[in-house]
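Colleague: Got a structure for you, upload_18.cif, holding mmCIF, C-alpha atoms and all ligand atoms.
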```
data_my_file
#
loop_
_atom_site.label_atom_id
_atom_site.label_comp_id
_atom_site.auth_asym_id
_atom_site.auth_seq_id
_atom_site.Cartn_x
_atom_site.Cartn_y
_atom_site.Cartn_z
CA MET A 511 87.55 68.24 115.35
CA PHE A 512 83.88 67.66 116.31
CA ASP A 513 82.26 69.60 119.13
CA ALA A 514 80.85 66.31 120.40
CA ILE A 515 80.81 62.61 119.64
CA VAL A 516 77.68 60.73 120.72
CA VAL A 517 78.21 56.99 121.19
CA GLY A 518 74.94 55.09 120.83
CA ILE A 519 72.13 56.73 118.87
CA GLY A 520 69.18 54.85 120.35
CA GLY A 521 66.63 56.65 122.54
CA VAL A 522 68.99 59.04 124.31
CA GLY A 523 71.68 59.38 121.66
CA SER A 524 69.34 60.20 118.77
CA SER A 525 67.91 63.01 120.92
CA ALA A 526 71.40 64.22 121.88
CA CYS A 527 72.46 64.33 118.21
CA TYR A 528 69.27 66.19 117.27
CA ASN A 529 69.64 68.77 120.07
CA LEU A 530 73.35 69.32 119.37
CA ALA A 531 72.95 69.63 115.61
CA LYS A 532 69.96 71.97 115.97
CA GLN A 533 72.18 74.33 117.93
CA GLY A 534 74.67 74.42 115.05
CA LEU A 535 77.30 72.28 116.78
CA GLN A 536 79.48 69.82 114.86
CA VAL A 537 78.30 66.44 116.08
CA LEU A 538 79.19 62.87 115.18
CA GLY A 539 76.77 60.11 116.25
CA ILE A 540 77.87 56.49 115.94
CA ASP A 541 75.99 53.26 116.54
CA ARG A 542 76.97 49.61 116.37
CA TYR A 543 73.65 48.88 114.58
CA CYS A 544 71.32 50.95 112.42
CA PRO A 545 68.73 52.56 114.74
CA PRO A 546 65.87 52.18 115.23
CA HIS A 547 66.79 48.51 115.67
CA PRO A 548 65.46 45.62 117.79
CA TYR A 549 68.70 44.79 119.65
CA GLY A 550 68.73 47.35 122.49
CA SER A 551 66.07 49.12 124.55
CA SER A 552 64.23 51.48 122.18
CA HIS A 553 61.86 49.42 120.07
CA GLY A 554 58.49 47.66 120.30
CA ASP A 555 55.98 50.21 118.98
CA THR A 556 55.06 52.20 122.11
CA ARG A 557 56.39 53.66 125.37
CA ILE A 558 54.16 55.06 128.12
CA ILE A 559 54.68 58.69 129.09
CA ARG A 560 53.20 60.06 132.32
CA LYS A 561 53.81 63.01 134.62
CA SER A 562 52.79 62.18 138.21
CA TYR A 563 55.87 60.08 138.62
CA PHE A 564 55.57 57.50 141.40
CA GLU A 565 59.27 56.64 141.20
CA HIS A 566 60.44 60.06 142.58
CA PRO A 567 58.89 63.55 142.51
CA SER A 568 62.19 65.07 141.31
CA TYR A 569 61.56 63.51 137.89
CA VAL A 570 58.47 65.71 137.38
CA PRO A 571 60.26 68.93 136.24
CA LEU A 572 62.24 66.82 133.76
CA LEU A 573 58.99 65.32 132.49
CA GLN A 574 57.35 68.71 132.10
CA ARG A 575 60.22 69.76 129.86
CA ALA A 576 60.17 66.37 128.09
CA TYR A 577 56.51 66.87 127.12
CA THR A 578 57.31 70.31 125.64
CA LEU A 579 60.24 68.91 123.67
CA TRP A 580 58.24 65.95 122.29
CA SER A 581 55.64 68.43 121.13
CA GLU A 582 58.29 70.63 119.47
CA LEU A 583 59.72 67.55 117.75
CA GLU A 584 56.25 66.66 116.41
CA ASP A 585 55.86 70.22 115.10
CA GLU A 586 59.22 70.21 113.36
CA ALA A 587 58.70 66.74 111.87
CA ASP A 588 55.03 67.42 111.11
CA LYS A 589 53.98 64.00 112.47
CA GLN A 590 52.21 62.70 115.55
CA LEU A 591 54.50 60.79 117.92
CA TYR A 592 52.60 61.23 121.22
CA PHE A 593 49.07 59.83 121.70
CA PRO A 594 47.28 61.23 124.77
CA THR A 595 45.17 58.22 125.72
CA GLY A 596 45.30 58.88 129.48
CA LEU A 597 46.63 56.35 131.99
CA LEU A 598 44.94 54.21 134.63
CA GLU A 599 47.07 53.51 137.70
CA VAL A 600 45.58 50.70 139.74
CA GLY A 601 46.57 49.03 142.99
CA PRO A 602 46.38 48.95 146.77
CA ALA A 603 45.70 52.39 148.29
CA ASP A 604 48.84 52.09 150.41
CA GLY A 605 50.95 50.62 147.58
CA VAL A 606 54.07 52.05 145.95
CA VAL A 607 52.26 53.22 142.82
CA ILE A 608 49.18 54.90 144.28
CA GLN A 609 51.12 56.54 147.11
CA GLY A 610 53.92 57.65 144.77
CA VAL A 611 51.58 59.08 142.13
CA LEU A 612 49.61 61.02 144.76
CA ARG A 613 52.82 62.40 146.24
CA SER A 614 54.16 63.64 142.89
CA ALA A 615 50.76 65.06 141.92
CA SER A 616 50.52 66.90 145.23
CA ASP A 617 54.15 68.18 145.20
CA HIS A 618 53.76 69.51 141.67
CA ASN A 619 50.10 70.40 141.60
CA LEU A 620 49.23 67.94 138.81
CA PRO A 621 45.64 66.97 138.03
CA ILE A 622 44.71 63.40 139.00
CA GLU A 623 41.26 61.85 139.03
CA ARG A 624 40.62 59.49 141.98
CA LEU A 625 38.21 56.61 141.42
CA SER A 626 37.05 53.73 143.53
CA MET A 627 37.42 50.32 141.91
CA GLN A 628 33.66 50.24 141.33
CA GLN A 629 33.64 53.63 139.61
CA ALA A 630 36.66 52.63 137.50
CA LYS A 631 34.96 49.39 136.39
CA ARG A 632 31.88 51.35 135.30
CA GLN A 633 33.99 53.86 133.37
CA PHE A 634 36.37 51.25 131.88
CA PRO A 635 34.39 47.97 131.76
CA GLY A 636 37.42 46.00 130.48
CA ILE A 637 39.25 46.16 133.82
CA ASN A 638 38.96 44.30 137.10
CA GLY A 639 40.60 44.58 140.51
CA ASP A 640 40.21 44.09 144.25
CA GLU A 641 37.21 46.00 145.60
CA ASP A 642 39.34 47.93 148.10
CA TRP A 643 41.95 49.03 145.54
CA GLN A 644 42.34 52.66 144.52
CA VAL A 645 42.34 53.76 140.89
CA LEU A 646 43.91 56.98 139.62
CA PHE A 647 43.33 58.38 136.15
CA GLU A 648 46.02 60.62 134.75
CA LYS A 649 44.57 62.45 131.77
CA ASP A 650 47.84 64.05 130.69
CA ALA A 651 49.50 60.72 129.87
CA GLY A 652 49.63 58.31 126.96
CA TYR A 653 52.19 56.69 124.72
CA LEU A 654 54.98 57.64 122.34
CA LEU A 655 55.73 55.73 119.13
CA VAL A 656 59.18 54.65 120.23
CA ASP A 657 60.75 53.49 116.96
CA GLN A 658 59.38 56.52 115.11
CA CYS A 659 60.73 58.91 117.77
CA VAL A 660 64.25 57.52 117.27
CA GLU A 661 63.92 57.54 113.50
CA THR A 662 62.61 61.12 113.47
CA GLN A 663 65.36 62.42 115.76
CA ILE A 664 68.06 60.84 113.60
CA ALA A 665 66.47 62.22 110.42
CA LEU A 666 66.27 65.73 111.88
CA ALA A 667 69.77 65.53 113.36
CA THR A 668 71.03 64.70 109.87
CA TYR A 669 68.94 67.53 108.39
CA HIS A 670 70.56 69.95 110.87
CA GLY A 671 74.04 68.81 109.84
CA ALA A 672 74.97 65.92 112.19
CA THR A 673 77.28 63.23 110.85
CA ILE A 674 75.70 59.85 111.57
CA LYS A 675 77.63 56.59 111.20
CA THR A 676 75.69 53.35 111.65
CA ASN A 677 77.00 49.78 111.83
CA CYS A 678 80.01 51.40 113.41
CA SER A 679 81.14 50.26 116.88
CA MET A 680 83.26 52.20 119.31
CA VAL A 681 85.99 49.82 120.42
CA ARG A 682 87.68 52.23 122.86
CA TRP A 683 87.71 55.82 123.96
CA SER A 684 90.15 58.05 125.80
CA ALA A 685 90.10 61.58 127.13
CA ASP A 686 92.52 64.20 128.41
CA ARG A 687 91.83 67.77 129.51
CA HIS A 688 91.75 69.09 125.95
CA GLN A 689 89.95 66.49 123.87
CA VAL A 690 88.35 63.08 123.63
CA GLN A 691 89.20 60.34 121.17
CA VAL A 692 86.95 57.54 119.93
CA GLU A 693 88.24 54.56 118.02
CA THR A 694 86.08 52.32 115.88
CA GLN A 695 87.21 49.18 114.02
CA SER A 696 88.62 51.31 111.20
CA GLU A 697 88.70 54.99 112.19
CA ARG A 698 89.67 57.40 114.92
CA PHE A 699 87.66 60.54 115.74
CA ILE A 700 88.48 63.54 117.92
CA ALA A 701 86.07 65.90 119.65
CA LYS A 702 85.86 68.40 122.49
CA LYS A 703 83.27 66.37 124.38
CA LEU A 704 82.02 62.78 124.51
CA ILE A 705 78.46 61.71 125.28
CA LEU A 706 78.21 58.02 126.21
CA CYS A 707 74.67 56.65 125.94
CA ALA A 708 75.20 53.01 125.05
CA GLY A 709 72.06 51.63 126.73
CA PRO A 710 72.51 47.95 127.66
CA TRP A 711 76.14 48.17 126.51
CA ALA A 712 76.99 51.01 128.94
CA ASP A 713 78.92 48.72 131.23
CA GLN A 714 81.10 47.62 128.35
CA ALA A 715 81.83 51.24 127.35
CA LEU A 716 82.65 52.15 130.96
CA GLN A 717 84.39 49.05 132.26
CA GLU A 718 87.03 50.82 134.32
CA PHE A 719 84.35 52.74 136.27
CA CYS A 720 82.68 49.55 137.54
CA LEU A 721 79.16 50.99 137.39
CA PRO A 722 76.69 48.80 139.29
CA LEU A 723 74.54 48.08 136.22
CA LYS A 724 72.53 44.93 135.68
CA VAL A 725 70.96 44.08 132.32
CA LEU A 726 67.57 42.33 132.36
CA HIS A 727 65.99 40.55 129.44
CA LYS A 728 62.31 41.58 129.20
CA HIS A 729 59.35 40.69 127.00
CA LEU A 730 56.45 42.50 125.38
CA TYR A 731 53.26 40.80 124.13
CA TRP A 732 50.32 41.83 121.98
CA TYR A 733 46.99 40.01 122.34
CA PRO A 734 44.30 40.18 119.65
CA CYS A 735 41.12 41.77 121.02
CA VAL A 736 37.86 40.58 119.60
CA ASN A 737 36.23 42.69 122.26
CA PRO A 738 36.27 46.42 121.41
CA LEU A 739 36.55 47.31 125.13
CA TYR A 740 40.33 47.51 124.85
CA GLN A 741 40.53 49.64 121.75
CA GLN A 742 42.03 53.10 121.79
CA ALA A 743 39.30 54.24 119.42
CA LYS A 744 36.74 53.27 122.11
CA GLY A 745 38.57 55.28 124.77
CA PHE A 746 40.62 52.53 126.44
CA PRO A 747 43.71 54.13 128.01
CA CYS A 748 47.25 53.01 128.87
CA PHE A 749 47.43 51.18 132.21
CA PHE A 750 49.82 50.35 135.05
CA PHE A 751 48.83 47.84 137.76
CA GLU A 752 50.50 47.03 141.05
CA THR A 753 49.44 43.48 142.00
CA SER A 754 50.57 40.85 144.49
CA THR A 755 52.59 39.22 141.68
CA GLY A 756 54.28 42.40 140.48
CA TYR A 757 53.80 45.39 138.19
CA TYR A 758 52.08 45.06 134.80
CA TYR A 759 51.50 47.73 132.18
CA GLY A 760 50.33 48.19 128.63
CA SER A 761 48.75 50.30 125.94
CA PRO A 762 45.39 50.03 124.18
CA ALA A 763 44.79 48.18 120.92
CA PHE A 764 45.13 50.47 117.93
CA ASP A 765 45.89 48.03 115.12
CA GLU A 766 45.42 44.33 114.35
CA SER A 767 48.17 43.32 116.85
CA GLY A 768 45.79 44.14 119.70
CA LEU A 769 46.36 45.08 123.34
CA LYS A 770 50.01 45.44 124.37
CA VAL A 771 50.89 44.12 127.81
CA ALA A 772 54.11 43.36 129.71
CA ARG A 773 55.47 42.66 133.15
CA HIS A 774 57.55 45.54 134.56
CA SER A 775 58.85 43.44 137.45
CA GLY A 776 60.88 40.28 136.95
CA GLY A 777 63.13 39.83 133.96
CA THR A 778 66.08 37.53 133.44
CA PRO A 779 69.49 38.89 134.41
CA VAL A 780 71.80 38.65 131.47
CA ALA A 781 75.38 37.58 132.22
CA ILE A 782 78.17 39.84 131.13
CA PRO A 783 80.98 37.35 130.55
CA GLY A 784 84.36 39.00 131.03
CA GLY A 785 82.75 42.42 130.80
CA THR A 786 81.68 41.92 127.18
CA GLN A 787 78.05 41.54 126.32
CA SER A 788 78.35 40.75 122.64
CA ALA A 789 77.43 37.08 123.05
CA ILE A 790 74.11 37.78 124.72
CA LEU A 791 73.09 41.02 123.07
CA ASP A 792 72.98 39.59 119.59
CA GLY A 793 69.33 40.33 118.98
CA THR A 794 68.07 36.80 119.51
CA HIS A 795 65.46 36.92 122.24
CA PRO A 796 64.68 33.49 123.68
CA ARG A 797 61.02 33.28 124.66
CA GLU A 798 60.34 32.75 128.35
CA GLU A 799 57.36 30.56 129.18
CA GLU A 800 57.20 31.70 132.80
CA ASP A 801 57.03 35.40 131.91
CA GLN A 802 54.26 34.76 129.40
CA ARG A 803 52.37 32.74 131.99
CA HIS A 804 52.57 35.63 134.47
CA VAL A 805 51.25 38.06 131.84
CA GLU A 806 48.38 35.76 130.88
CA ASP A 807 47.46 35.18 134.52
CA PHE A 808 47.39 38.97 134.91
CA LEU A 809 45.09 39.30 131.88
CA ARG A 810 42.70 36.58 133.09
CA MET A 811 42.48 38.23 136.49
CA TYR A 812 42.44 41.95 135.68
CA MET A 813 41.49 42.26 131.99
CA PRO A 814 39.21 39.24 131.72
CA SER A 815 37.60 40.07 128.40
CA VAL A 816 40.94 39.81 126.57
CA MET A 817 40.81 36.03 127.23
CA PRO A 818 37.13 35.28 127.70
CA ASN A 819 37.71 31.51 127.83
CA SER A 820 39.60 31.17 131.11
CA ASN A 821 40.89 27.66 130.34
CA ALA A 822 42.19 28.37 126.89
CA ARG A 823 45.82 29.30 126.37
CA SER A 824 45.61 32.27 124.07
CA GLN A 825 48.57 32.97 121.83
CA PRO A 826 49.87 36.51 121.53
CA SER A 827 49.61 37.89 118.02
CA ARG A 828 53.19 39.16 118.45
CA TRP A 829 55.93 39.30 121.04
CA LYS A 830 59.30 41.00 121.33
CA GLY A 831 62.31 40.99 123.62
CA CYS A 832 64.07 44.05 124.94
CA TYR A 833 66.56 45.05 127.66
CA TYR A 834 66.29 47.03 130.89
CA THR A 835 69.62 48.40 132.20
CA MET A 836 69.09 48.60 135.95
CA THR A 837 70.88 50.61 138.63
CA PRO A 838 70.58 49.38 142.25
CA ASP A 839 68.08 52.14 143.18
CA GLU A 840 66.38 52.11 139.74
CA HIS A 841 67.16 55.81 139.17
CA PHE A 842 69.14 56.96 136.13
CA ILE A 843 72.79 57.91 135.88
CA VAL A 844 73.11 61.40 134.33
CA ASP A 845 76.54 62.78 135.17
CA ALA A 846 80.01 63.76 133.99
CA LEU A 847 82.62 61.09 134.63
CA PRO A 848 84.85 61.56 137.67
CA ASN A 849 88.32 62.65 136.44
CA HIS A 850 86.99 63.18 132.89
CA GLU A 851 84.99 66.37 132.93
CA ASN A 852 84.54 66.33 129.16
CA VAL A 853 82.78 62.93 129.18
CA PHE A 854 79.07 62.78 130.02
CA VAL A 855 77.21 59.55 130.76
CA ILE A 856 73.48 58.89 130.45
CA ALA A 857 72.89 55.27 131.41
CA GLY A 858 71.05 52.87 133.69
CA LEU A 859 67.61 54.13 132.67
CA SER A 860 66.21 51.14 134.57
CA GLY A 861 63.28 50.34 132.30
CA HIS A 862 61.53 53.71 132.57
CA GLY A 863 63.70 56.12 130.59
CA PHE A 864 62.26 56.51 127.12
CA LYS A 865 59.73 59.22 127.99
CA PHE A 866 62.69 61.34 129.24
CA THR A 867 64.93 60.95 126.21
CA SER A 868 63.81 64.25 124.65
CA VAL A 869 64.98 66.18 127.72
CA LEU A 870 68.03 63.98 128.32
CA GLY A 871 69.22 64.87 124.80
CA GLU A 872 68.77 68.54 125.61
CA ILE A 873 70.74 68.10 128.87
CA ALA A 874 73.54 66.42 126.90
CA ALA A 875 73.63 69.44 124.56
CA GLN A 876 73.74 71.80 127.56
CA PHE A 877 76.72 69.82 128.90
CA VAL A 878 78.53 70.28 125.58
CA ASN A 879 77.69 73.99 125.61
CA GLU A 880 78.82 74.22 129.25
CA LYS A 881 75.43 75.59 130.30
CA THR A 882 73.71 74.72 133.55
CA THR A 883 70.51 72.76 133.14
CA GLY A 884 68.35 74.32 135.85
CA PHE A 885 67.17 70.83 136.90
CA ASP A 886 67.92 69.08 140.16
CA LEU A 887 70.03 66.19 138.90
CA ASP A 888 71.78 65.43 142.20
CA PHE A 889 69.73 62.28 142.73
CA LEU A 890 71.06 60.96 139.41
CA LYS A 891 74.76 61.43 140.16
CA MET A 892 77.16 58.49 139.99
CA SER A 893 78.66 59.34 143.39
CA ARG A 894 75.56 57.95 145.14
CA PHE A 895 76.84 54.43 144.44
CA GLN A 896 80.36 55.18 145.68
CA LYS A 897 78.84 56.57 148.91
CA ALA A 898 76.72 53.44 149.27
CA SER A 899 79.70 51.12 148.81
CA THR A 900 81.91 52.94 151.35
CA GLN A 901 79.28 53.03 154.10
C1 LIG A 1001 60.19 46.13 127.24
C2 LIG A 1001 60.47 47.55 127.60
C3 LIG A 1001 59.44 48.41 127.91
C4 LIG A 1001 59.69 49.72 128.30
N1 LIG A 1001 58.65 50.57 128.56
C5 LIG A 1001 58.90 51.86 128.83
C6 LIG A 1001 57.83 52.77 128.96
O1 LIG A 1001 56.66 52.41 128.83
N2 LIG A 1001 58.13 54.08 129.19
C7 LIG A 1001 59.42 54.52 129.29
O2 LIG A 1001 59.62 55.72 129.51
N3 LIG A 1001 60.46 53.67 129.16
C8 LIG A 1001 60.23 52.37 128.93
N4 LIG A 1001 61.27 51.49 128.75
C9 LIG A 1001 62.64 51.95 128.96
C10 LIG A 1001 63.18 52.70 127.77
O3 LIG A 1001 62.76 52.13 126.57
C11 LIG A 1001 64.70 52.74 127.87
O4 LIG A 1001 65.06 53.29 129.14
C12 LIG A 1001 65.32 53.61 126.78
O5 LIG A 1001 64.79 53.29 125.52
C13 LIG A 1001 66.83 53.41 126.79
O6 LIG A 1001 67.41 54.20 125.79
P1 LIG A 1001 68.99 54.18 125.61
O7 LIG A 1001 69.33 55.23 124.63
O8 LIG A 1001 69.64 54.22 126.96
O9 LIG A 1001 69.33 52.72 125.04
P2 LIG A 1001 69.19 52.20 123.52
O10 LIG A 1001 68.03 52.80 122.86
O11 LIG A 1001 69.34 50.73 123.57
O12 LIG A 1001 70.45 52.85 122.82
C14 LIG A 1001 71.78 52.44 123.05
C15 LIG A 1001 72.47 52.42 121.70
O13 LIG A 1001 73.87 52.34 121.89
C16 LIG A 1001 74.41 51.60 120.82
N5 LIG A 1001 75.74 51.15 121.24
C17 LIG A 1001 76.03 50.45 122.35
N6 LIG A 1001 77.35 50.25 122.45
C18 LIG A 1001 77.92 50.84 121.38
C19 LIG A 1001 79.26 50.97 120.92
N7 LIG A 1001 80.31 50.43 121.56
N8 LIG A 1001 79.48 51.64 119.76
C20 LIG A 1001 78.45 52.20 119.08
N9 LIG A 1001 77.15 52.09 119.47
C21 LIG A 1001 76.90 51.43 120.61
C22 LIG A 1001 73.38 50.50 120.62
O14 LIG A 1001 73.45 49.88 119.36
C23 LIG A 1001 72.06 51.25 120.84
O15 LIG A 1001 71.50 51.70 119.61
C24 LIG A 1001 61.03 50.17 128.37
C25 LIG A 1001 62.08 49.31 128.04
C26 LIG A 1001 61.82 48.00 127.64
C27 LIG A 1001 62.96 47.10 127.30
#
```
Could you spell out this file's structure in structure tokens?
Ligand SMILES: Cc1cc2nc3c(=O)[nH]c(=O)nc-3n(C[C@H](O)[C@H](O)[C@H](O)COP(=O)(O)OP(=O)(O)OC[C@H]3O[C@@H](n4cnc5c(N)ncnc54)[C@H](O)[C@@H]3O)c2cc1C
Modeller:
Amino acid sequence: MFDAIVVGIGGVGSSACYNLAKQGLQVLGIDRYCPPHPYGSSHGDTRIIRKSYFEHPSYVPLLQRAYTLWSELEDEADKQLYFPTGLLEVGPADGVVIQGVLRSASDHNLPIERLSMQQAKRQFPGINGDEDWQVLFEKDAGYLLVDQCVETQIALATYHGATIKTNCSMVRWSADRHQVQVETQSERFIAKKLILCAGPWADQALQEFCLPLKVLHKHLYWYPCVNPLYQQAKGFPCFFFETSTGYYYGSPAFDESGLKVARHSGGTPVAIPGGTQSAILDGTHPREEEDQRHVEDFLRMYMPSVMPNSNARSQPSRWKGCYYTMTPDEHFIVDALPNHENVFVIAGLSGHGFKFTSVLGEIAAQFVNEKTTGFDLDFLKMSRFQKASTQ
């Protein structure tokens, strides 16, 4: 019998397997594909990591631990996974981003540099924005190499004794007070605890619990930069803009692909016919003209030197599709299942979860070890949706 079975070894699951195996526990990790892969949510070169979290100040203690754990992972693997480029947060002074960042920074005493738009344009000549906008610079932020983080965690989990099975789908699971059981197409496994972290497939793995999850199809683009203004080597940072047409973010150019940019808002809801997502989550990502147009309008307006000829339609050097798994309030689900205290769910990371996966894996291991986490996770409990639906 395994101590734990981890279903889904993408961002969260690879970290859970690594943390469990490092503690000497018998862990089995299974995945329907061979991670890192381009079919779920944890691929596309980079993920921004930042501390002064505008989404909710209660994420900050989790982030502080996440930073420590990413650094420990780098030490153990002897490779750089985090690149501290800094992060520009730009938008209206009374907007969601600026207000939220300032609140988290103040609640948790985090350093933030405040700049006027004019000062920011002098310091970072590649950017533009409304004269009355506020700009914040978070030095202790940057990006993680997402695919390499997953790959490294799986490699180290294996090194520490985890059993990893790829191209192996869970078709059903069950649990009683004593054990959990996971069935794949050809095998059946038993463990003391089950960790479900199936990303965009979470709804499928948890059908009977009717979680209010919505999967959005999203896109990432890279634009070649003739102009060195946007290069990491020249000091260009990661960025996050709140504009009248939505949120846009990206990371600096560090190879021939160029500047990475994407729209955080929007996205196409993906149907879940009959509760099964296999038809739509097959890895084919149809390109969406409208999304690309939004991103290019953003570049023309706020990063004008990426597309110096304002009439020309510039082609991205690369683009990729990916999935956000949204909850109604855009906060995660990190909780044991009601009536199944040996099953733990980490899901609905709502398009901002990768930076947390190091600490979420540790929390999963603490659940298996029946240790308390020391974090306030009440705002991530599943019961918040039941309360909402009965009001
Ligand atoms: C375009 C884009 C940009 C983003 N940018 C950021 C960012 O800048 N910063 C940030 O912090 N976050 C960001 N995110 C969000 C972040 O990447 C995700 O929240 C995170 O990667 C989700 O990890 P996961 O483990 O939940 O899902 P995944 O990594 O998709 O893992 C789920 C795994 O479960 C497996 N699986 C599913 N069902 C089964 C089954 N039945 N049997 C076996 N295996 C199964 C899948 O194959 C998959 O490997 C972004 C997301 C996208 C899409």
Colleague: With distances taken over only C-alpha atoms and all ligand atoms, which of A:Pro738, A:Gly554, A:Gly605, A:Gly709 is nearest to ligand LIG 1001 (chain A)?
Modeller: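 Comparing A:Pro738, A:Gly554, A:Gly605, A:Gly709 against ligand LIG 1001 (chain A), the winner is A:Gly709.
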Colleague: Please determine, counting only C-alpha atoms, which residue among A:Lys744, A:His774, A:His729, A:His862 has the shortest atom-to-atom distance to Gln802 in chain A.
Modeller: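 Distance minimum relative to Gln802 in chain A lands on A:His729.
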Colleague: Considering only C-alpha atoms, return as a ChimeraX atom specification whatever protein or nucleic-acid residues lie within 9 Å of range 892-894 of chain A, sequence-local ones (same chain, fewer than 4 positions apart) excluded.
Modeller: /A:721,843-848,888,898-899
Colleague: Could you save those same residues with C-alpha atoms as a PDB file, in the frame of the given file?
Modeller:
```pdb
ATOM      1  CA  LEU A 721      79.160  50.990 137.390  1.00  0.00           C
ATOM      2  CA  ILE A 843      72.790  57.910 135.880  1.00  0.00           C
ATOM      3  CA  VAL A 844      73.110  61.400 134.330  1.00  0.00           C
ATOM      4  CA  ASP A 845      76.540  62.780 135.170  1.00  0.00           C
ATOM      5  CA  ALA A 846      80.010  63.760 133.990  1.00  0.00           C
ATOM      6  CA  LEU A 847      82.620  61.090 134.630  1.00  0.00           C
ATOM      7  CA  PRO A 848      84.850  61.560 137.670  1.00  0.00           C
ATOM      8  CA  ASP A 888      71.780  65.430 142.200  1.00  0.00           C
ATOM      9  CA  ALA A 898      76.720  53.440 149.270  1.00  0.00           C
ATOM     10  CA  SER A 899      79.700  51.120 148.810  1.00  0.00           C
TER      11      SER A 899
END
```
Colleague: Would you list the residues that come within 6 Å of ligand LIG 1001 (chain A)? Count only C-alpha atoms and all ligand atoms and give the answer as number ranges by chain.
Modeller: A: 517-523, 540-543, 545, 550-552, 557-559, 678-681, 707-711, 728-730, 832-834, 857, 859-865
Colleague: CA of Thr755 in chain A and CA of Met811 in chain A are how many Å apart?
Modeller: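 Going from CA of Thr755 in chain A over to CA of Met811 in chain A, I get 11.4 Å.
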Colleague: With distances taken over only C-alpha atoms, which residue among A:Ser775, A:Gln633, A:Ser562, A:Thr668 lies nearest Tyr757 in chain A?
Modeller: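 Of A:Ser775, A:Gln633, A:Ser562, A:Thr668, the one nearest Tyr757 in chain A is A:Ser775, counting only C-alpha atoms.
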Colleague: Taking all atoms listed in the file into account, which of A:Asn852, A:Asn638, A:Ser824, A:Asn737 comes nearest Ala874 in chain A?
Modeller: A:Asn852
Colleague: Quick one: of A:Gly831, A:Gly768, A:Gly539, A:Pro762, who's nearest to Ile664 in chain A, counting only C-alpha atoms?
Modeller: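 Closest to Ile664 in chain A of all the choices is A:Gly539.
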Colleague: Could you list as a PDB file with C-alpha atoms, in the coordinates of the input every residue that has an atom within 10 Å of (75.1, 41.6, 141.0), using the file's coordinates and counting only C-alpha atoms?
Modeller:
```pdb
ATOM      1  CA  PRO A 722      76.690  48.800 139.290  1.00  0.00           C
ATOM      2  CA  LEU A 723      74.540  48.080 136.220  1.00  0.00           C
ATOM      3  CA  LYS A 724      72.530  44.930 135.680  1.00  0.00           C
ATOM      4  CA  VAL A 725      70.960  44.080 132.320  1.00  0.00           C
ATOM      5  CA  PRO A 779      69.490  38.890 134.410  1.00  0.00           C
ATOM      6  CA  ALA A 781      75.380  37.580 132.220  1.00  0.00           C
ATOM      7  CA  PRO A 838      70.580  49.380 142.250  1.00  0.00           C
TER       8      PRO A 838
END
```
Colleague: Considering only C-alpha atoms, can you say which of A:Arg575, A:Ser524, A:Pro621, A:Asp604 comes closest to Thr883 in chain A?
Modeller: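 Between A:Arg575, A:Ser524, A:Pro621, A:Asp604, the residue approaching Thr883 in chain A most closely is A:Arg575.
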